[in-house]
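Q: Input file: protein.csv. Contents: CSV, C-alpha atoms and all ligand atoms.
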chain,number,residue,atom,x,y,z
A,1,MET,CA,126.8,111.6,80.2
A,2,SER,CA,123.9,112.6,77.9
A,3,GLY,CA,121.6,115.5,78.6
A,4,PRO,CA,117.9,115.4,78.7
A,5,ALA,CA,116.5,113.1,76.0
A,6,VAL,CA,112.9,114.2,76.2
A,7,PRO,CA,111.1,117.5,75.5
A,8,ARG,CA,110.7,120.1,78.2
A,9,SER,CA,107.3,120.0,80.1
A,10,LEU,CA,105.6,122.6,82.2
A,11,TYR,CA,107.3,121.2,85.3
A,12,ASP,CA,110.7,122.1,83.7
A,13,LEU,CA,109.8,125.8,83.8
A,14,LEU,CA,111.1,128.3,86.3
A,15,PRO,CA,108.7,131.2,87.1
A,16,GLY,CA,110.6,133.5,84.7
A,17,ASP,CA,110.1,130.9,81.9
A,18,VAL,CA,106.4,130.8,82.7
A,19,ASP,CA,106.2,134.6,82.5
A,20,ALA,CA,108.0,134.5,79.2
A,21,LEU,CA,105.7,131.8,77.8
A,22,VAL,CA,102.6,133.7,78.8
A,23,ALA,CA,104.0,136.9,77.2
A,24,GLU,CA,104.9,135.0,74.0
A,25,LEU,CA,101.4,133.6,73.7
A,26,GLY,CA,99.9,137.1,74.1
A,27,LEU,CA,98.1,136.2,77.3
A,28,PRO,CA,97.5,138.6,80.2
A,29,LYS,CA,100.4,138.6,82.7
A,30,PHE,CA,98.3,137.2,85.6
A,31,ARG,CA,97.8,134.0,83.7
A,32,ALA,CA,101.4,133.1,84.7
A,33,ASN,CA,100.5,133.0,88.4
A,34,GLN,CA,97.3,131.2,87.6
A,35,LEU,CA,99.2,128.5,85.8
A,36,LEU,CA,101.8,128.2,88.6
A,37,GLN,CA,99.1,128.0,91.2
A,38,ALA,CA,97.4,125.2,89.3
A,39,LEU,CA,100.6,123.3,88.7
A,40,TYR,CA,101.9,123.5,92.3
A,41,HIS,CA,98.7,123.5,94.4
A,42,GLU,CA,96.2,121.6,92.4
A,43,PHE,CA,98.6,119.0,91.0
A,44,PRO,CA,96.7,118.4,87.7
A,45,ALA,CA,97.0,114.9,86.1
A,46,SER,CA,95.8,116.1,82.7
A,47,PRO,CA,95.7,119.5,80.8
A,48,GLU,CA,91.9,119.5,81.4
A,49,GLU,CA,92.6,119.8,85.2
A,50,LEU,CA,94.3,123.2,84.6
A,51,ARG,CA,91.0,124.7,85.5
A,52,GLN,CA,92.2,128.1,86.6
A,53,LEU,CA,92.9,128.8,82.9
A,54,PRO,CA,90.2,129.4,80.3
A,55,ALA,CA,90.1,126.6,77.7
A,56,GLU,CA,91.7,128.7,75.0
A,57,ALA,CA,94.7,129.7,77.2
A,58,ARG,CA,95.0,126.1,78.4
A,59,ALA,CA,95.2,124.8,74.9
A,60,ALA,CA,97.7,127.4,73.8
A,61,VAL,CA,100.0,126.8,76.8
A,62,THR,CA,99.9,123.0,76.6
A,63,ALA,CA,100.4,123.1,72.8
A,64,ARG,CA,103.7,124.9,73.4
A,65,CYS,CA,104.7,122.9,76.5
A,66,PRO,CA,103.1,119.6,77.5
A,67,LEU,CA,102.0,118.9,81.1
A,68,ALA,CA,103.8,115.5,81.1
A,69,SER,CA,102.7,114.4,84.6
A,70,ALA,CA,104.2,111.1,85.9
A,71,THR,CA,101.9,108.1,85.6
A,72,GLU,CA,101.7,105.7,88.5
A,73,VAL,CA,102.2,102.1,87.3
A,74,ARG,CA,102.5,100.3,90.7
A,75,ARG,CA,102.3,101.2,94.3
A,76,VAL,CA,103.6,99.1,97.2
A,77,THR,CA,103.3,99.9,100.9
A,78,SER,CA,105.4,98.5,103.7
A,79,ASP,CA,104.0,96.4,106.5
A,80,ASP,CA,103.9,99.3,108.9
A,81,GLY,CA,102.3,101.6,106.3
A,82,ASN,CA,105.0,104.2,106.6
A,83,THR,CA,107.0,103.5,103.4
A,84,THR,CA,105.4,103.6,99.9
A,85,LYS,CA,107.3,102.7,96.8
A,86,LEU,CA,106.0,104.0,93.5
A,87,LEU,CA,106.9,102.8,90.1
A,88,LEU,CA,106.3,105.8,87.8
A,89,ARG,CA,106.2,106.0,84.1
A,90,MET,CA,107.6,109.1,82.4
A,91,ALA,CA,106.0,110.6,79.3
A,92,ASP,CA,108.3,108.6,76.9
A,93,GLY,CA,107.7,105.3,78.8
A,94,THR,CA,110.8,105.4,80.9
A,95,LEU,CA,110.2,103.7,84.3
A,96,ILE,CA,111.7,105.0,87.5
A,97,GLU,CA,111.0,104.6,91.2
A,98,THR,CA,110.2,107.1,93.9
A,99,VAL,CA,109.8,106.4,97.6
A,100,LEU,CA,107.7,108.2,100.2
A,101,MET,CA,108.9,107.7,103.8
A,102,GLN,CA,106.6,108.9,106.6
A,103,TYR,CA,107.3,109.3,110.3
A,104,PRO,CA,103.9,109.6,111.9
A,105,ASP,CA,105.1,111.1,115.1
A,106,GLY,CA,106.7,114.0,113.2
A,107,GLN,CA,110.1,113.1,114.3
A,108,ALA,CA,113.1,112.9,112.1
A,109,HIS,CA,114.2,109.7,110.5
A,110,PRO,CA,117.2,108.5,112.5
A,111,GLY,CA,120.1,108.6,110.1
A,112,LEU,CA,118.4,110.2,107.2
A,113,PRO,CA,120.9,112.9,106.0
A,114,GLY,CA,120.0,116.5,106.5
A,115,GLU,CA,117.1,115.7,108.8
A,116,PRO,CA,118.2,115.0,112.3
A,117,ASP,CA,119.1,118.5,113.5
A,118,ASP,CA,117.6,120.7,110.8
A,119,GLU,CA,114.6,122.8,111.6
A,120,PRO,CA,113.9,121.4,115.1
A,121,ARG,CA,110.3,120.5,115.3
A,122,ASN,CA,107.8,121.5,117.9
A,123,PRO,CA,107.6,118.4,120.2
A,124,ALA,CA,103.8,119.0,120.4
A,125,SER,CA,103.5,118.7,116.7
A,126,ARG,CA,102.0,115.3,115.6
A,127,ARG,CA,102.1,116.2,111.9
A,128,PRO,CA,103.7,113.4,110.0
A,129,ARG,CA,107.0,114.1,108.4
A,130,SER,CA,106.7,113.1,104.8
A,131,THR,CA,110.0,112.7,102.9
A,132,VAL,CA,110.1,112.0,99.2
A,133,CYS,CA,113.1,110.2,97.8
A,134,VAL,CA,113.4,111.1,94.2
A,135,SER,CA,115.3,109.6,91.3
A,136,THR,CA,117.5,111.7,89.0
A,137,GLN,CA,118.4,109.1,86.4
A,138,ALA,CA,116.9,106.0,85.0
A,139,GLY,CA,119.5,103.5,86.1
A,140,CYS,CA,123.0,104.6,87.1
A,141,ALA,CA,126.4,104.5,85.6
A,142,MET,CA,128.4,104.6,88.9
A,143,GLY,CA,128.2,100.8,89.4
A,144,CYS,CA,128.4,100.6,93.2
A,145,VAL,CA,128.7,96.9,93.7
A,146,PHE,CA,126.1,96.6,96.5
A,147,CYS,CA,123.4,98.7,94.8
A,148,ALA,CA,120.6,97.2,92.7
A,149,THR,CA,120.3,100.4,90.6
A,150,GLY,CA,124.0,100.2,89.9
A,151,GLN,CA,123.6,96.6,88.6
A,152,MET,CA,120.9,97.9,86.1
A,153,GLY,CA,123.3,100.0,84.2
A,154,PHE,CA,122.5,103.5,82.9
A,155,GLU,CA,119.5,104.3,80.8
A,156,ARG,CA,119.2,108.1,80.7
A,157,ASN,CA,119.2,111.3,82.7
A,158,LEU,CA,115.9,112.6,83.9
A,159,THR,CA,114.9,116.2,83.1
A,160,ALA,CA,114.2,118.6,85.9
A,161,GLY,CA,110.5,118.3,85.0
A,162,GLU,CA,110.6,114.6,85.5
A,163,ILE,CA,112.3,115.0,88.9
A,164,VAL,CA,109.8,117.6,89.9
A,165,SER,CA,106.9,115.5,88.6
A,166,GLN,CA,107.8,112.7,91.1
A,167,VAL,CA,107.3,115.2,94.0
A,168,ILE,CA,104.1,116.5,92.5
A,169,HIS,CA,102.8,112.9,92.2
A,170,VAL,CA,103.5,112.2,95.8
A,171,ALA,CA,102.2,115.7,96.9
A,172,LYS,CA,98.9,114.9,95.2
A,173,PHE,CA,98.6,111.6,96.9
A,174,LEU,CA,99.4,113.2,100.3
A,175,LYS,CA,96.9,116.0,99.7
A,176,SER,CA,94.1,113.5,99.4
A,177,ARG,CA,94.9,112.6,103.0
A,178,GLY,CA,95.3,116.1,104.2
A,179,GLU,CA,99.1,115.8,104.4
A,180,HIS,CA,101.9,117.4,102.5
A,181,VAL,CA,105.6,116.9,101.5
A,182,THR,CA,107.9,118.1,104.2
A,183,ASN,CA,111.3,117.0,103.0
A,184,ILE,CA,112.9,115.8,99.7
A,185,VAL,CA,116.0,113.7,99.4
A,186,PHE,CA,117.8,113.2,96.1
A,187,MET,CA,118.7,109.6,96.9
A,188,GLY,CA,116.7,107.5,94.5
A,189,MET,CA,117.9,106.0,91.3
A,190,GLY,CA,121.0,107.6,89.8
A,191,GLU,CA,123.8,109.9,90.8
A,192,PRO,CA,122.3,113.4,91.1
A,193,LEU,CA,125.5,115.3,90.4
A,194,ALA,CA,126.1,113.2,87.2
A,195,ASN,CA,122.9,115.0,86.1
A,196,TYR,CA,124.0,118.3,87.5
A,197,THR,CA,122.1,120.8,85.5
A,198,GLU,CA,118.8,119.1,85.7
A,199,THR,CA,119.2,118.3,89.4
A,200,VAL,CA,119.9,121.9,90.3
A,201,ARG,CA,117.1,123.2,88.1
A,202,ALA,CA,114.7,120.8,89.9
A,203,VAL,CA,115.9,122.2,93.3
A,204,ARG,CA,115.3,125.7,92.1
A,205,ILE,CA,111.8,124.9,90.9
A,206,LEU,CA,110.9,122.9,94.0
A,207,THR,CA,112.1,125.7,96.3
A,208,ASP,CA,110.9,128.8,94.4
A,209,PRO,CA,108.0,130.4,96.3
A,210,ARG,CA,106.1,130.8,93.1
A,211,CYS,CA,106.4,127.1,92.4
A,212,PHE,CA,106.5,124.3,95.0
A,213,GLY,CA,108.0,126.6,97.6
A,214,LEU,CA,109.7,124.0,99.9
A,215,GLY,CA,112.5,125.4,102.1
A,216,GLN,CA,115.9,124.7,100.7
A,217,ARG,CA,117.0,123.3,104.1
A,218,HIS,CA,114.4,120.6,103.7
A,219,ILE,CA,116.3,119.2,100.7
A,220,THR,CA,119.3,116.9,100.7
A,221,ILE,CA,121.3,116.0,97.7
A,222,SER,CA,123.3,112.7,98.0
A,223,THR,CA,126.3,111.9,95.9
A,224,VAL,CA,128.7,109.0,95.7
A,225,GLY,CA,131.4,111.4,94.9
A,226,VAL,CA,131.3,113.6,91.8
A,227,ILE,CA,133.9,116.1,93.0
A,228,ARG,CA,133.4,118.7,90.3
A,229,GLY,CA,129.6,118.6,91.1
A,230,ILE,CA,130.2,119.1,94.8
A,231,GLU,CA,132.4,122.1,94.0
A,232,ARG,CA,129.8,123.6,91.6
A,233,LEU,CA,127.0,123.0,94.1
A,234,ALA,CA,128.9,124.9,96.8
A,235,GLU,CA,128.9,127.9,94.6
A,236,GLU,CA,125.1,127.8,93.7
A,237,GLY,CA,124.1,130.0,96.7
A,238,LEU,CA,121.7,127.2,97.8
A,239,GLN,CA,121.1,126.0,101.4
A,240,VAL,CA,120.5,122.4,100.6
A,241,GLY,CA,122.1,119.7,102.6
A,242,LEU,CA,124.8,117.4,101.1
A,243,ALA,CA,125.3,113.8,101.8
A,244,ILE,CA,128.5,112.1,100.6
A,245,SER,CA,128.6,108.3,100.3
A,246,LEU,CA,132.1,107.4,101.6
A,247,HIS,CA,131.8,103.7,102.4
A,248,SER,CA,135.5,103.3,103.3
A,249,PRO,CA,138.4,105.2,104.7
A,250,ASP,CA,140.7,103.1,102.5
A,251,GLU,CA,141.2,104.1,98.9
A,252,ALA,CA,141.6,100.6,97.5
A,253,LEU,CA,138.5,99.3,99.4
A,254,ARG,CA,136.5,102.3,98.3
A,255,GLN,CA,137.4,101.6,94.7
A,256,ARG,CA,136.3,98.0,95.1
A,257,LEU,CA,132.9,99.1,96.4
A,258,VAL,CA,132.6,102.1,94.0
A,259,PRO,CA,134.4,101.0,90.9
A,260,THR,CA,134.1,104.4,89.2
A,261,ALA,CA,135.8,106.2,92.1
A,262,SER,CA,139.2,107.7,91.5
A,263,PRO,CA,142.2,106.2,93.2
A,264,HIS,CA,142.3,109.2,95.5
A,265,SER,CA,138.6,109.7,96.1
A,266,VAL,CA,138.6,109.5,99.9
A,267,GLN,CA,141.0,112.4,100.2
A,268,GLU,CA,139.3,114.3,97.4
A,269,LEU,CA,135.9,113.9,99.0
A,270,LEU,CA,137.1,115.1,102.4
A,271,THR,CA,138.6,118.2,100.8
A,272,ALA,CA,135.4,118.8,98.8
A,273,ALA,CA,133.3,118.4,101.9
A,274,LYS,CA,135.3,121.0,103.8
A,275,ARG,CA,135.0,123.4,100.9
A,276,PHE,CA,131.3,122.9,100.8
A,277,PHE,CA,130.9,123.5,104.5
A,278,LYS,CA,133.0,126.7,104.2
A,279,ALA,CA,131.1,128.0,101.3
A,280,THR,CA,127.6,127.2,102.5
A,281,GLY,CA,127.8,126.8,106.3
A,282,ARG,CA,125.9,123.5,105.8
A,283,ARG,CA,127.4,120.5,107.5
A,284,VAL,CA,128.0,117.6,105.2
A,285,SER,CA,126.9,114.2,106.3
A,286,PHE,CA,128.8,111.0,105.3
A,287,GLU,CA,126.9,107.9,104.3
A,288,TYR,CA,128.6,104.7,105.1
A,289,ALA,CA,127.1,101.5,103.7
A,290,LEU,CA,128.2,98.7,106.1
A,291,VAL,CA,128.8,95.6,103.9
A,292,GLY,CA,129.2,92.4,105.9
A,293,GLY,CA,132.8,91.1,105.8
A,294,GLU,CA,134.0,94.1,103.6
A,295,ASN,CA,134.1,97.3,105.6
A,296,ASP,CA,132.2,96.7,108.8
A,297,SER,CA,134.9,95.8,111.2
A,298,PRO,CA,136.2,97.9,114.1
A,299,GLU,CA,139.6,97.8,112.3
A,300,THR,CA,138.0,99.7,109.5
A,301,ALA,CA,136.1,102.0,111.9
A,302,ARG,CA,139.3,103.3,113.5
A,303,PRO,CA,141.0,104.8,110.4
A,304,LEU,CA,137.6,106.3,109.5
A,305,ALA,CA,137.4,107.9,113.0
A,306,SER,CA,140.9,109.3,112.5
A,307,LEU,CA,140.0,110.6,109.1
A,308,LEU,CA,136.9,112.4,110.3
A,309,ARG,CA,138.0,113.6,113.7
A,310,GLY,CA,137.6,117.4,114.0
A,311,THR,CA,135.5,117.6,110.9
A,312,PRO,CA,132.0,119.1,111.4
A,313,THR,CA,130.1,116.1,110.1
A,314,HIS,CA,127.6,113.4,110.9
A,315,VAL,CA,128.1,109.8,109.8
A,316,ASN,CA,125.1,107.7,108.8
A,317,LEU,CA,125.8,104.0,109.1
A,318,ILE,CA,123.6,102.0,106.8
A,319,PRO,CA,123.6,98.2,107.2
A,320,VAL,CA,123.5,97.2,103.5
A,321,ASN,CA,120.3,95.6,102.3
A,322,PRO,CA,120.3,92.3,100.3
A,323,THR,CA,120.7,93.1,96.6
A,324,ALA,CA,121.7,91.5,93.4
A,325,GLY,CA,125.4,91.8,94.2
A,326,GLY,CA,125.1,89.0,96.8
A,327,PHE,CA,126.7,91.1,99.6
A,328,GLN,CA,125.9,90.2,103.1
A,329,ARG,CA,124.2,92.3,105.7
A,330,PRO,CA,126.6,93.1,108.6
A,331,SER,CA,125.9,91.4,111.9
A,332,ARG,CA,124.2,93.5,114.6
A,333,ALA,CA,127.3,93.1,116.8
A,334,ASN,CA,129.6,94.5,114.1
A,335,VAL,CA,127.2,97.5,113.5
A,336,LEU,CA,127.2,98.3,117.2
A,337,ALA,CA,130.9,97.9,117.5
A,338,PHE,CA,131.5,100.1,114.5
A,339,GLU,CA,129.2,102.8,115.9
A,340,ALA,CA,131.0,102.7,119.3
A,341,VAL,CA,134.4,103.3,117.7
A,342,LEU,CA,133.1,106.4,116.0
A,343,ARG,CA,131.2,107.7,119.0
A,344,GLU,CA,134.3,107.2,121.3
A,345,ALA,CA,136.2,109.4,118.8
A,346,GLY,CA,133.6,112.1,119.3
A,347,ILE,CA,132.1,111.7,115.8
A,348,ASN,CA,128.3,112.3,115.5
A,349,CYS,CA,127.0,109.0,114.2
A,350,THR,CA,123.6,107.3,113.6
A,351,VAL,CA,122.6,103.9,112.5
A,352,ARG,CA,119.9,104.4,109.9
A,353,VAL,CA,116.7,102.8,110.8
A,354,GLU,CA,115.7,100.6,107.9
A,355,LYS,CA,112.5,101.5,106.2
A,356,GLY,CA,110.8,99.6,103.5
A,357,SER,CA,113.3,96.8,102.9
A,358,GLU,CA,110.5,94.2,102.6
A,359,ILE,CA,109.1,96.1,99.6
A,360,SER,CA,112.6,96.7,98.2
A,361,ALA,CA,112.3,100.4,98.9
A,362,ALA,CA,115.3,100.7,101.1
A,363,CYS,CA,118.7,102.1,100.3
A,364,GLY,CA,120.5,100.2,97.6
A,365,GLN,CA,117.4,98.3,96.5
A,366,LEU,CA,115.7,100.5,93.8
A,367,ARG,CA,115.5,99.1,90.3
A,368,THR,CA,112.9,99.0,87.6
A,369,ASP,CA,113.8,95.7,86.1
A,370,GLU,CA,113.4,92.2,87.4
A,371,GLY,CA,116.3,89.8,86.9
A,372,ASN,CA,117.8,92.4,84.5
A,373,ALA,CA,114.7,92.3,82.2
A,374,ILE,CA,113.3,95.8,82.0
A,375,ILE,CA,109.5,95.7,82.1
A,376,ALA,CA,108.3,96.0,78.5
A,377,PRO,CA,106.2,99.1,77.8
A,378,ASP,CA,103.2,96.9,76.7
A,379,GLU,CA,103.3,95.1,80.0
A,380,ILE,CA,103.1,98.3,82.0
A,381,SER,CA,99.5,99.0,81.6
A,382,ALA,CA,98.7,95.5,82.6
A,383,LEU,CA,100.5,95.8,85.9
A,384,PRO,CA,98.2,96.0,88.8
A,385,VAL,CA,98.5,98.4,91.7
A,386,ALA,CA,100.0,96.2,94.2
A,387,PRO,CA,97.9,95.7,97.4
A,388,ARG,CA,99.4,96.4,100.7
A,389,ARG,CA,101.6,93.5,101.6
A,390,GLY,CA,100.6,91.1,104.3
A,391,PRO,CA,103.2,89.5,106.6
A,392,ARG,CA,106.7,89.7,105.4
A,393,GLN,CA,107.6,87.0,102.9
A,394,ALA,CA,111.0,85.8,101.7
A,395,GLN,CA,112.1,88.0,98.8
A,396,PRO,CA,113.5,86.5,95.7
A,397,SER,CA,116.6,88.8,95.8
A,398,PRO,CA,117.1,92.3,94.5
A,399,ALA,CA,115.1,95.3,94.0
A,400,PRO,CA,115.4,99.3,94.4
A,401,SER,CA,117.8,102.6,95.5
A,402,GLN,CA,120.8,104.3,96.1
A,403,HIS,CA,123.4,106.5,97.6
A,404,GLN,CA,123.7,104.8,100.8
A,501,LIG,S1,124.5,103.8,95.2
A,501,LIG,FE1,123.8,105.6,94.0
A,501,LIG,S2,125.6,106.1,92.7
A,501,LIG,FE2,126.0,104.0,93.5
A,501,LIG,S3,125.1,102.8,91.8
A,501,LIG,FE3,123.5,103.1,93.3
A,501,LIG,S4,122.3,104.8,92.6
A,501,LIG,FE4,124.3,104.8,91.5
Spit out the file's structure as structure tokens when you get a sec.
Ligand code: SF4
A:
Amino acid sequence: MSGPAVPRSLYDLLPGDVDALVAELGLPKFRANQLLQALYHEFPASPEELRQLPAEARAAVTARCPLASATEVRRVTSDDGNTTKLLLRMADGTLIETVLMQYPDGQAHPGLPGEPDDEPRNPASRRPRSTVCVSTQAGCAMGCVFCATGQMGFERNLTAGEIVSQVIHVAKFLKSRGEHVTNIVFMGMGEPLANYTETVRAVRILTDPRCFGLGQRHITISTVGVIRGIERLAEEGLQVGLAISLHSPDEALRQRLVPTASPHSVQELLTAAKRFFKATGRRVSFEYALVGGENDSPETARPLASLLRGTPTHVNLIPVNPTAGGFQRPSRANVLAFEAVLREAGINCTVRVEKGSEISAACGQLRTDEGNAIIAPDEISALPVAPRRGPRQAQPSPAPSQHQ
């Protein structure tokens, strides 16, 4: 898969790179920290907003490395106000989607990987939990049949800076409300481990104390099963969470749902998950998209329970959302029966609470085209910022994200 297709921006730089840039430009060393402070605390939208630097230094820095902030094209908020989907334009015009999910009571999102038992929160805290779901690619080549992004095809990898700029954009939006980003999940458009180098670089930038400074345990990377990527990630010395999209205990059925999976992917993923846990001490969660009539029966739950019994894991059951693939949502009875089989087998299990499906911001629904017609660049500036939706209306069919 191709590497970054666009030039590096300031948000691609690790602190050492910023130190080196400042030295190359003959600027005093302290300008590096001023620049980082501005980038990660002021969230500038343009070079002029890098006010901590004198004009001359600002011009020298941005001439060498552009700021390249994400530009908001469209914003849609769910009926309850807790989920916001952003259509963002990258510097070269590429469109991607980013989702903000908020939990006003400060509690974890039931079923969101990495969150339920990480960093137990003070029950007295009423601060909202604000999780940003970032995209790592424009489109996706993995082709999961129930995922709208998968139906778009692959456009290109995003750079680390483009991944970071999504978080910065949301952080600025939250700052205006006196809030901040508390968690990041790499579950937006694309397969993060198919864009391995940029994904890991983004994690390092987002968690470095001189940059965005988020705790590593507040980040979860989701994969549909890039085995080599999981193995590499285990050796990075990071404490991020890992979520693996399993979707079936049966090899043939999994291949039908994830056409790019290998014929032995179920066993390979279980082995990789165990190695990841051994290397990092971080429990791996398994995502399981429940597709009506495909993999949602108790007969499928039983072999899954056998497969996972004794493995330190958590299973997130995700009733699939309506997407372009025409797959059906599972019945509530099937979801509950499936969950019961896993629980009876002693497997930690959660049914993910759906957030944002009416604005197509839920899992498996992210896409930046409509009816396969990518929005033309000259149409973008004409797109309005969508007002908050009124009562739920019937949706035409598909829309945005991912690794369920
Ligand atoms: S579920 Fe994830 S890996 Fe599969 S097509 Fe969608 S974005 Fe790609």
Q: At a cut-off of 9 Å from (105.8, 125.1, 94.7) in the coordinates of the file, what residues are picked up using all atoms listed in the file, written as a count of residues only?
A: 15
Q: Around the point (132.0, 130.0, 98.7) in the file's coordinates, collect all residues with an atom within 12 Å, using all atoms listed in the file, and return them as a list of chain:residue names.
A: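 Residues satisfying the cut-off, written out: A:Ile230, A:Glu231, A:Arg232, A:Leu233, A:Ala234, A:Glu235, A:Glu236, A:Gly237, A:Leu238, A:Gln239, A:Ala272, A:Lys274, A:Arg275, A:Phe276, A:Phe277, A:Lys278, A:Ala279, A:Thr280, A:Gly281, A:Arg282.
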Q: Residues up to 10 Å from ligand LIG 501 (chain A), counting only C-alpha atoms and all ligand atoms: could you list those as a ChimeraX atom specification?
A: /A:135-154,186-194,222-226,245,257-260,289,363-367,400-404
Q: Compare A:Val18, A:Leu88, A:Val134, A:Val164 by their minimum atom-to-atom distance to A:Thr220, counting only C-alpha atoms, and give me the closest one.
A: A:Val134
Q: Record the distance separating atom CA of A:Glu179 and atom CA of A:Met90, expressed in Å with one decimal.
A: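 According to the coordinates, atom CA of A:Glu179 and atom CA of A:Met90 are separated by 24.5 Å.
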Q: So how many Å separate atom CA of A:Ala160 and atom CA of A:Leu25, to one decimal?
A: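 These two atoms are separated by 23.2 Å.
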Q: Smallest atom-to-atom distance to A:Glu48: which of A:Val351, A:Val315, A:Arg283, A:Val61, using only C-alpha atoms?
A: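 Once distances to A:Glu48 are computed over only C-alpha atoms, the minimum belongs to A:Val61.
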Q: Residues at most 6 Å from A:Leu86, counting all atoms listed in the file, excluding those fewer than 4 positions away in the same chain, as a ChimeraX atom specification?
A: /A:74-75,97-98
Q: Would you save the residues of that selection, restricted to C-alpha atoms, as a PDB file, in the coordinates of the input?
A:
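Once everything was written out, this is selection-v5.pdb:
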ATOM      1  CA  ARG A  74     102.500 100.300  90.700  1.00  0.00           C
ATOM      2  CA  ARG A  75     102.300 101.200  94.300  1.00  0.00           C
ATOM      3  CA  GLU A  97     111.000 104.600  91.200  1.00  0.00           C
ATOM      4  CA  THR A  98     110.200 107.100  93.900  1.00  0.00           C
TER       5      THR A  98
END
Q: Which of these residues is nearest to A:Pro330, using all atoms listed in the file: A:Leu21, A:Pro128, A:Asn295, A:Arg217?
A: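 With all atoms listed in the file as the atom set, the closest residue is A:Asn295.
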Q: Any idea what the distance is between atom CA of A:Tyr288 and atom CA of A:Ser248?
A: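 Atom CA of A:Ser248 lies 7.3 Å from atom CA of A:Tyr288.
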Q: With a distance cut-off of 10 Å and all atoms listed in the file, select the neighbouring residues of A:Pro66, excluding the residue or stretch itself and same-chain residues fewer than 3 positions from it, and output the selection as a ChimeraX atom specification.
A: /A:7-11,46-47,59,61-63,69,91
Q: At a cut-off of 9 Å, using all atoms listed in the file, what residues contact stretch 296-307 of chain A? Leave out same-chain residues fewer than 4 positions from it and give the result as a list in words.
A: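 Listing them by chain and then by number gives Ser248, Pro249, Asp250, Leu270, Ala289, Leu290, Val291, Gly292, Thr311, Pro319, Pro330, Ser331, Asn334, Val335, Ala337, Phe338, Glu339, Ala340, Val341, Leu342, Arg343, Glu344, Ala345, Gly346 and Ile347 of chain A.
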Q: Which is closest to A:His247 among A:Asp79, A:Glu287, A:Glu198, A:Asp12, if we use all atoms listed in the file?
A: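 Among A:Asp79, A:Glu287, A:Glu198, A:Asp12, it is A:Glu287 that comes nearest to A:His247.
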